[in-house]
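Structure file query.cif; described as mmCIF, C-alpha atoms.
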```
data_input
#
loop_
_atom_site.group_PDB
_atom_site.id
_atom_site.type_symbol
_atom_site.label_atom_id
_atom_site.label_comp_id
_atom_site.auth_asym_id
_atom_site.auth_seq_id
_atom_site.Cartn_x
_atom_site.Cartn_y
_atom_site.Cartn_z
ATOM 1 C CA MET L 25 30.568 -81.375 -178.254
ATOM 2 C CA SER L 26 29.429 -82.614 -174.843
ATOM 3 C CA GLU L 27 26.791 -80.854 -172.743
ATOM 4 C CA SER L 28 29.472 -79.632 -170.318
ATOM 5 C CA ASP L 29 31.258 -77.894 -173.197
ATOM 6 C CA ALA L 30 28.095 -76.174 -174.480
ATOM 7 C CA GLY L 31 28.573 -72.838 -172.669
ATOM 8 C CA ARG L 32 32.352 -72.649 -173.084
ATOM 9 C CA PRO L 33 34.114 -70.845 -175.884
ATOM 10 C CA PRO L 34 36.272 -73.112 -178.052
ATOM 11 C CA ALA L 35 39.841 -73.527 -176.874
ATOM 12 C CA ALA L 36 42.180 -71.187 -178.664
ATOM 13 C CA ALA L 37 44.975 -72.648 -180.739
ATOM 14 C CA PRO L 38 48.360 -72.324 -179.057
ATOM 15 C CA ARG L 39 50.200 -69.123 -179.874
ATOM 16 C CA PRO L 40 53.220 -69.486 -182.183
ATOM 17 C CA ASP L 41 55.630 -68.409 -179.429
ATOM 18 C CA THR L 42 54.179 -71.116 -177.171
ATOM 19 C CA LEU L 43 54.771 -73.679 -179.907
ATOM 20 C CA VAL L 44 58.338 -72.389 -180.246
ATOM 21 C CA GLU L 45 58.837 -72.912 -176.508
ATOM 22 C CA ARG L 46 57.322 -76.386 -176.718
ATOM 23 C CA VAL L 47 59.649 -77.515 -179.517
ATOM 24 C CA LYS L 48 62.631 -75.867 -177.793
ATOM 25 C CA GLU L 49 61.859 -77.720 -174.550
ATOM 26 C CA ARG L 50 61.572 -81.025 -176.430
ATOM 27 C CA VAL L 51 64.927 -80.547 -178.133
ATOM 28 C CA TYR L 52 66.552 -79.466 -174.860
ATOM 29 C CA ALA L 53 65.090 -82.442 -173.000
ATOM 30 C CA THR L 54 66.186 -84.828 -175.753
ATOM 31 C CA ILE L 55 69.771 -83.599 -175.625
ATOM 32 C CA THR L 56 69.822 -83.828 -171.834
ATOM 33 C CA MET L 57 68.255 -87.282 -171.904
ATOM 34 C CA LEU L 58 70.942 -88.420 -174.362
ATOM 35 C CA ALA L 59 73.624 -87.669 -171.793
ATOM 36 C CA VAL L 60 71.764 -89.590 -169.080
ATOM 37 C CA LEU L 61 71.033 -92.582 -171.318
ATOM 38 C CA VAL L 62 74.647 -92.901 -172.472
ATOM 39 C CA GLY L 63 75.853 -92.761 -168.882
ATOM 40 C CA LEU L 64 73.420 -95.500 -167.891
ATOM 41 C CA ALA L 65 74.216 -97.641 -170.950
ATOM 42 C CA GLN L 66 77.942 -97.498 -170.230
ATOM 43 C CA ASN L 67 77.544 -98.717 -166.653
ATOM 44 C CA THR L 68 77.461 -102.509 -166.667
ATOM 45 C CA HIS L 69 75.971 -102.503 -163.164
ATOM 46 C CA THR L 70 72.894 -100.441 -164.043
ATOM 47 C CA ARG L 71 69.676 -102.121 -162.932
ATOM 48 C CA TYR L 72 66.241 -101.640 -164.493
ATOM 49 C CA SER L 73 64.962 -99.781 -161.438
ATOM 50 C CA THR L 74 67.997 -97.499 -161.355
ATOM 51 C CA ALA L 75 67.695 -96.691 -165.041
ATOM 52 C CA ALA L 76 63.969 -95.997 -164.737
ATOM 53 C CA VAL L 77 64.462 -93.744 -161.710
ATOM 54 C CA PHE L 78 67.302 -91.799 -163.369
ATOM 55 C CA VAL L 79 65.314 -91.296 -166.574
ATOM 56 C CA ALA L 80 62.107 -90.299 -164.768
ATOM 57 C CA CYS L 81 63.907 -88.024 -162.308
ATOM 58 C CA THR L 82 65.876 -86.351 -165.088
ATOM 59 C CA ALA L 83 62.669 -85.463 -166.915
ATOM 60 C CA LEU L 84 60.919 -84.407 -163.702
ATOM 61 C CA GLY L 85 63.911 -82.346 -162.558
ATOM 62 C CA LEU L 86 64.161 -80.551 -165.905
ATOM 63 C CA TRP L 87 60.451 -79.839 -165.847
ATOM 64 C CA LEU L 88 60.454 -78.543 -162.267
ATOM 65 C CA ALA L 89 63.505 -76.352 -162.901
ATOM 66 C CA THR L 90 61.858 -74.868 -165.976
ATOM 67 C CA VAL L 91 58.544 -74.238 -164.234
ATOM 68 C CA VAL L 92 60.274 -72.543 -161.281
ATOM 69 C CA ALA L 93 62.449 -70.442 -163.615
ATOM 70 C CA ASP L 94 59.439 -69.434 -165.727
ATOM 71 C CA PHE L 95 57.400 -68.473 -162.648
ATOM 72 C CA GLN L 96 60.253 -66.398 -161.247
ATOM 73 C CA ALA L 97 60.908 -64.721 -164.595
ATOM 74 C CA HIS L 98 57.205 -63.955 -164.992
ATOM 75 C CA ARG L 99 57.032 -62.320 -161.552
ATOM 76 C CA VAL L 100 60.159 -60.246 -162.219
ATOM 77 C CA VAL L 101 59.130 -59.090 -165.702
ATOM 78 C CA HIS L 102 55.369 -58.656 -165.205
ATOM 79 C CA GLN L 103 55.427 -57.787 -161.465
ATOM 80 C CA ARG L 104 52.633 -60.288 -160.789
ATOM 81 C CA THR L 105 52.019 -64.003 -160.633
ATOM 82 C CA PRO L 106 50.839 -65.729 -163.812
ATOM 83 C CA THR L 107 47.121 -65.979 -164.508
ATOM 84 C CA ARG L 108 45.438 -69.373 -164.851
ATOM 85 C CA ALA L 109 45.590 -69.073 -168.629
ATOM 86 C CA GLU L 110 49.321 -68.286 -168.445
ATOM 87 C CA VAL L 111 49.899 -71.266 -166.139
ATOM 88 C CA ARG L 112 48.027 -73.547 -168.587
ATOM 89 C CA GLU L 113 50.146 -72.189 -171.423
ATOM 90 C CA LEU L 114 53.318 -72.758 -169.388
ATOM 91 C CA LEU L 115 52.309 -76.331 -168.593
ATOM 92 C CA TYR L 116 51.538 -76.968 -172.266
ATOM 93 C CA ALA L 117 54.874 -75.500 -173.362
ATOM 94 C CA THR L 118 56.877 -77.475 -170.799
ATOM 95 C CA GLY L 119 55.054 -80.797 -171.226
ATOM 96 C CA PRO L 120 57.698 -82.191 -173.601
ATOM 97 C CA LEU L 121 60.233 -82.045 -170.778
ATOM 98 C CA LEU L 122 58.207 -84.759 -169.055
ATOM 99 C CA SER L 123 57.322 -86.698 -172.196
ATOM 100 C CA SER L 124 61.016 -87.012 -173.095
ATOM 101 C CA ALA L 125 61.160 -89.866 -170.585
ATOM 102 C CA VAL L 126 58.409 -91.943 -172.215
ATOM 103 C CA GLY L 127 60.449 -93.593 -174.994
ATOM 104 C CA PRO L 128 63.400 -94.510 -172.746
ATOM 105 C CA LEU L 129 61.030 -95.823 -170.054
ATOM 106 C CA VAL L 130 59.268 -98.002 -172.634
ATOM 107 C CA MET L 131 62.647 -99.404 -173.716
ATOM 108 C CA ILE L 132 63.627 -100.066 -170.084
ATOM 109 C CA ALA L 133 60.289 -101.823 -169.520
ATOM 110 C CA LEU L 134 60.795 -103.995 -172.609
ATOM 111 C CA SER L 135 64.193 -104.910 -171.263
ATOM 112 C CA ALA L 136 62.784 -105.727 -167.831
ATOM 113 C CA LEU L 137 60.340 -108.070 -169.574
ATOM 114 C CA GLY L 138 63.327 -109.913 -171.023
ATOM 115 C CA LEU L 139 62.799 -108.840 -174.630
ATOM 116 C CA LEU L 140 66.296 -107.346 -174.902
ATOM 117 C CA GLY L 141 69.252 -106.507 -172.708
ATOM 118 C CA LEU L 142 69.199 -103.298 -170.692
ATOM 119 C CA SER L 143 72.289 -101.849 -172.352
ATOM 120 C CA THR L 144 70.796 -102.607 -175.767
ATOM 121 C CA ALA L 145 67.506 -100.985 -174.757
ATOM 122 C CA LEU L 146 69.312 -97.863 -173.562
ATOM 123 C CA TRP L 147 71.385 -97.626 -176.762
ATOM 124 C CA ILE L 148 68.206 -98.012 -178.825
ATOM 125 C CA ALA L 149 66.698 -95.129 -176.834
ATOM 126 C CA VAL L 150 69.846 -93.105 -177.619
ATOM 127 C CA GLY L 151 69.433 -93.887 -181.318
ATOM 128 C CA VAL L 152 65.767 -92.925 -181.256
ATOM 129 C CA ASP L 153 66.598 -89.629 -179.545
ATOM 130 C CA VAL L 154 69.319 -88.812 -182.090
ATOM 131 C CA ALA L 155 66.879 -89.700 -184.872
ATOM 132 C CA SER L 156 64.253 -87.431 -183.319
ATOM 133 C CA LEU L 157 66.745 -84.549 -183.365
ATOM 134 C CA ALA L 158 67.295 -85.262 -187.049
ATOM 135 C CA GLY L 159 63.535 -85.331 -187.547
ATOM 136 C CA TRP L 160 63.120 -81.917 -185.929
ATOM 137 C CA GLY L 161 65.893 -80.571 -188.144
ATOM 138 C CA PHE L 162 64.225 -81.935 -191.267
ATOM 139 C CA ILE L 163 60.772 -80.699 -190.256
ATOM 140 C CA GLY L 164 62.214 -77.281 -189.439
ATOM 141 C CA GLY L 165 63.851 -77.087 -192.849
ATOM 142 C CA ARG L 166 60.656 -78.062 -194.633
ATOM 143 C CA ARG L 167 58.519 -75.658 -192.572
ATOM 144 C CA MET L 168 60.877 -72.834 -193.569
ATOM 145 C CA GLY L 169 60.125 -73.638 -197.198
ATOM 146 C CA ASN L 170 63.526 -75.149 -197.913
ATOM 147 C CA GLY L 171 63.855 -77.931 -200.430
ATOM 148 C CA VAL L 172 64.533 -81.520 -199.496
ATOM 149 C CA LEU L 173 68.330 -81.244 -199.715
ATOM 150 C CA PRO L 174 68.673 -78.267 -197.323
ATOM 151 C CA SER L 175 66.210 -79.980 -194.978
ATOM 152 C CA VAL L 176 68.313 -83.149 -195.030
ATOM 153 C CA VAL L 177 71.414 -81.046 -194.297
ATOM 154 C CA ALA L 178 69.603 -79.490 -191.302
ATOM 155 C CA ALA L 179 68.652 -82.991 -190.138
ATOM 156 C CA VAL L 180 72.245 -84.190 -190.431
ATOM 157 C CA VAL L 181 73.543 -81.157 -188.516
ATOM 158 C CA ASP L 182 71.020 -81.676 -185.710
ATOM 159 C CA ALA L 183 71.810 -85.400 -185.538
ATOM 160 C CA ALA L 184 75.529 -84.524 -185.439
ATOM 161 C CA ILE L 185 74.883 -82.290 -182.431
ATOM 162 C CA GLY L 186 73.147 -85.183 -180.691
ATOM 163 C CA LEU L 187 75.975 -87.527 -181.634
ATOM 164 C CA GLY L 188 78.410 -84.931 -180.282
ATOM 165 C CA VAL L 189 76.710 -85.163 -176.902
ATOM 166 C CA VAL L 190 76.916 -88.955 -177.101
ATOM 167 C CA MET L 191 80.614 -88.844 -178.004
ATOM 168 C CA VAL L 192 81.424 -86.467 -175.144
ATOM 169 C CA LYS L 193 79.747 -88.866 -172.720
ATOM 170 C CA VAL L 194 81.473 -91.892 -174.248
ATOM 171 C CA VAL L 195 84.901 -90.227 -174.128
ATOM 172 C CA ALA L 196 84.296 -88.973 -170.587
ATOM 173 C CA GLY L 197 83.365 -92.505 -169.607
ATOM 174 C CA HIS L 198 80.270 -91.748 -167.583
#
```
Final structure tokens representation of the file:
Amino acid sequence: MSESDAGRPPAAAPRPDTLVERVKERVYATITMLAVLVGLAQNTHTRYSTAAVFVACTALGLWLATVVADFQAHRVVHQRTPTRAEVRELLYATGPLLSSAVGPLVMIALSALGLLGLSTALWIAVGVDVASLAGWGFIGGRRMGNGVLPSVVAAVVDAAIGLGVVMVKVVAGH
């Protein structure tokens, strides 16, 4: 513990409902990012800068929309603005909306460095996002106390949902 932390109480662990919101936001952002990535990967004229801007702006736009909606909902329900602690909790819960752009941006950067083609990088990011949905499904199954087989089924169902988003974008052609 540093000297500046000496007089402060220890930070409280996040509340379970905040963790629920955090996971929910990550899953929501992943599904949304899938749609953006597929659209970019399908466009043969997509440039690195365009892809990076679309990915970053998608994450930023989702985050801003969520923060605005949460602030408005808080004012309506509680008839006051959020406290500092509530704002910190909101920012913690919504952080995954921003971090959803990190993996795709890394792939775009690797492509810009010439390590792989941009379309390939974007499709890899799609695959990683679908795999992350499967991972959340599996972890959720295990955390509920399910055995391995039901957890695998949950993972497959969640991956199928992600693949459904991909297929809709592929069929729609944008």
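With only C-alpha atoms as the atoms that count, the residue of L:Val47, L:Leu146, L:Ala36, L:Ala133 with the shortest distance to Val60 of chain L is L:Leu146.
Residue nearest Ala59 of chain L, chosen from L:Ala37, L:Val190, L:Ala125, L:Ala145 and counting all atoms listed in the file: L:Val190.
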*Determine the residue set returned by the PyMOL selection byres ((chain L and resi 178-187) around 9) for the present structure, and present it as a ChimeraX atom specification.*
/L:54-55,58,153-165,173-177,188-192
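Closest approach to Glu45 of chain L among L:Ala75, L:Ala117, L:Ala65, L:Ala83: L:Ala117, based on all atoms listed in the file.
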*So which residues get picked by the PyMOL selection byres ((chain L and resi 98-114) around 12) here, written as an NGL selection string?*
:L and (35-46 or 49 or 87-88 or 90-97 or 115-121)
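Interatomic distance, atom CA of Leu134 of chain L against atom CA of Thr56 of chain L: 22.1 Å.
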Can you list, as a PDB file with C-alpha atoms, in the coordinates of the input, the residues that the PyMOL selection byres ((chain L and resi 73) around 12) selects here?
```
ATOM      1  CA  LEU L  64      73.420 -95.500-167.891  1.00  0.00           C
ATOM      2  CA  HIS L  69      75.971-102.503-163.164  1.00  0.00           C
ATOM      3  CA  THR L  70      72.894-100.441-164.043  1.00  0.00           C
ATOM      4  CA  ARG L  71      69.676-102.121-162.932  1.00  0.00           C
ATOM      5  CA  TYR L  72      66.241-101.640-164.493  1.00  0.00           C
ATOM      6  CA  THR L  74      67.997 -97.499-161.355  1.00  0.00           C
ATOM      7  CA  ALA L  75      67.695 -96.691-165.041  1.00  0.00           C
ATOM      8  CA  ALA L  76      63.969 -95.997-164.737  1.00  0.00           C
ATOM      9  CA  VAL L  77      64.462 -93.744-161.710  1.00  0.00           C
ATOM     10  CA  PHE L  78      67.302 -91.799-163.369  1.00  0.00           C
ATOM     11  CA  VAL L  79      65.314 -91.296-166.574  1.00  0.00           C
ATOM     12  CA  ALA L  80      62.107 -90.299-164.768  1.00  0.00           C
ATOM     13  CA  CYS L  81      63.907 -88.024-162.308  1.00  0.00           C
ATOM     14  CA  LEU L 129      61.030 -95.823-170.054  1.00  0.00           C
ATOM     15  CA  ILE L 132      63.627-100.066-170.084  1.00  0.00           C
ATOM     16  CA  ALA L 133      60.289-101.823-169.520  1.00  0.00           C
ATOM     17  CA  SER L 135      64.193-104.910-171.263  1.00  0.00           C
ATOM     18  CA  ALA L 136      62.784-105.727-167.831  1.00  0.00           C
ATOM     19  CA  LEU L 142      69.199-103.298-170.692  1.00  0.00           C
TER      20      LEU L 142
END
```
Would you mind putting N, CA and C atoms back on segment 109-135 of chain L and writing the result as a short mmCIF file (atom, residue, chain, number, x, y, z; two decimals), in the frame of the given file?
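Resulting contents of out.cif:
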```cif
data_model
loop_
_atom_site.label_atom_id
_atom_site.label_comp_id
_atom_site.auth_asym_id
_atom_site.auth_seq_id
_atom_site.Cartn_x
_atom_site.Cartn_y
_atom_site.Cartn_z
N ALA L 109 45.34 -68.83 -167.20
CA ALA L 109 45.59 -69.07 -168.63
C ALA L 109 47.09 -69.14 -168.90
N GLU L 110 47.86 -68.27 -168.26
CA GLU L 110 49.32 -68.29 -168.44
C GLU L 110 49.94 -69.55 -167.85
N VAL L 111 49.41 -70.02 -166.74
CA VAL L 111 49.90 -71.27 -166.14
C VAL L 111 49.60 -72.44 -167.07
N ARG L 112 48.38 -72.48 -167.63
CA ARG L 112 48.03 -73.55 -168.59
C ARG L 112 48.97 -73.52 -169.79
N GLU L 113 49.24 -72.33 -170.29
CA GLU L 113 50.15 -72.19 -171.42
C GLU L 113 51.56 -72.66 -171.06
N LEU L 114 52.01 -72.31 -169.87
CA LEU L 114 53.32 -72.76 -169.39
C LEU L 114 53.37 -74.28 -169.29
N LEU L 115 52.33 -74.87 -168.73
CA LEU L 115 52.31 -76.33 -168.59
C LEU L 115 52.28 -77.01 -169.96
N TYR L 116 51.56 -76.43 -170.91
CA TYR L 116 51.54 -76.97 -172.27
C TYR L 116 52.93 -76.87 -172.90
N ALA L 117 53.56 -75.71 -172.75
CA ALA L 117 54.87 -75.50 -173.36
C ALA L 117 55.95 -76.39 -172.76
N THR L 118 55.83 -76.69 -171.47
CA THR L 118 56.88 -77.47 -170.80
C THR L 118 56.58 -78.97 -170.76
N GLY L 119 55.43 -79.38 -171.23
CA GLY L 119 55.05 -80.80 -171.23
C GLY L 119 56.08 -81.72 -171.87
N PRO L 120 56.71 -81.31 -172.97
CA PRO L 120 57.70 -82.19 -173.60
C PRO L 120 58.90 -82.53 -172.71
N LEU L 121 59.16 -81.71 -171.71
CA LEU L 121 60.23 -82.04 -170.78
C LEU L 121 59.90 -83.34 -170.05
N LEU L 122 58.64 -83.52 -169.72
CA LEU L 122 58.21 -84.76 -169.06
C LEU L 122 58.09 -85.91 -170.05
N SER L 123 57.54 -85.62 -171.22
CA SER L 123 57.32 -86.70 -172.20
C SER L 123 58.63 -87.23 -172.78
N SER L 124 59.73 -86.52 -172.59
CA SER L 124 61.02 -87.01 -173.10
C SER L 124 61.43 -88.32 -172.43
N ALA L 125 60.83 -88.63 -171.30
CA ALA L 125 61.16 -89.87 -170.58
C ALA L 125 60.37 -91.07 -171.10
N VAL L 126 59.31 -90.85 -171.83
CA VAL L 126 58.41 -91.94 -172.22
C VAL L 126 59.12 -93.01 -173.05
N GLY L 127 59.77 -92.62 -174.13
CA GLY L 127 60.45 -93.59 -174.99
C GLY L 127 61.50 -94.41 -174.24
N PRO L 128 62.42 -93.74 -173.51
CA PRO L 128 63.40 -94.51 -172.75
C PRO L 128 62.75 -95.43 -171.70
N LEU L 129 61.69 -94.97 -171.05
CA LEU L 129 61.03 -95.82 -170.05
C LEU L 129 60.38 -97.04 -170.71
N VAL L 130 59.83 -96.86 -171.91
CA VAL L 130 59.27 -98.00 -172.63
C VAL L 130 60.38 -99.01 -172.95
N MET L 131 61.52 -98.51 -173.41
CA MET L 131 62.65 -99.40 -173.72
C MET L 131 63.14 -100.13 -172.47
N ILE L 132 63.21 -99.43 -171.35
CA ILE L 132 63.63 -100.07 -170.08
C ILE L 132 62.61 -101.13 -169.68
N ALA L 133 61.33 -100.84 -169.85
CA ALA L 133 60.29 -101.82 -169.52
C ALA L 133 60.39 -103.05 -170.41
N LEU L 134 60.64 -102.85 -171.70
CA LEU L 134 60.80 -104.00 -172.61
C LEU L 134 61.99 -104.85 -172.19
N SER L 135 63.03 -104.18 -171.74
CA SER L 135 64.19 -104.91 -171.26
C SER L 135 63.88 -105.68 -169.99
#
```
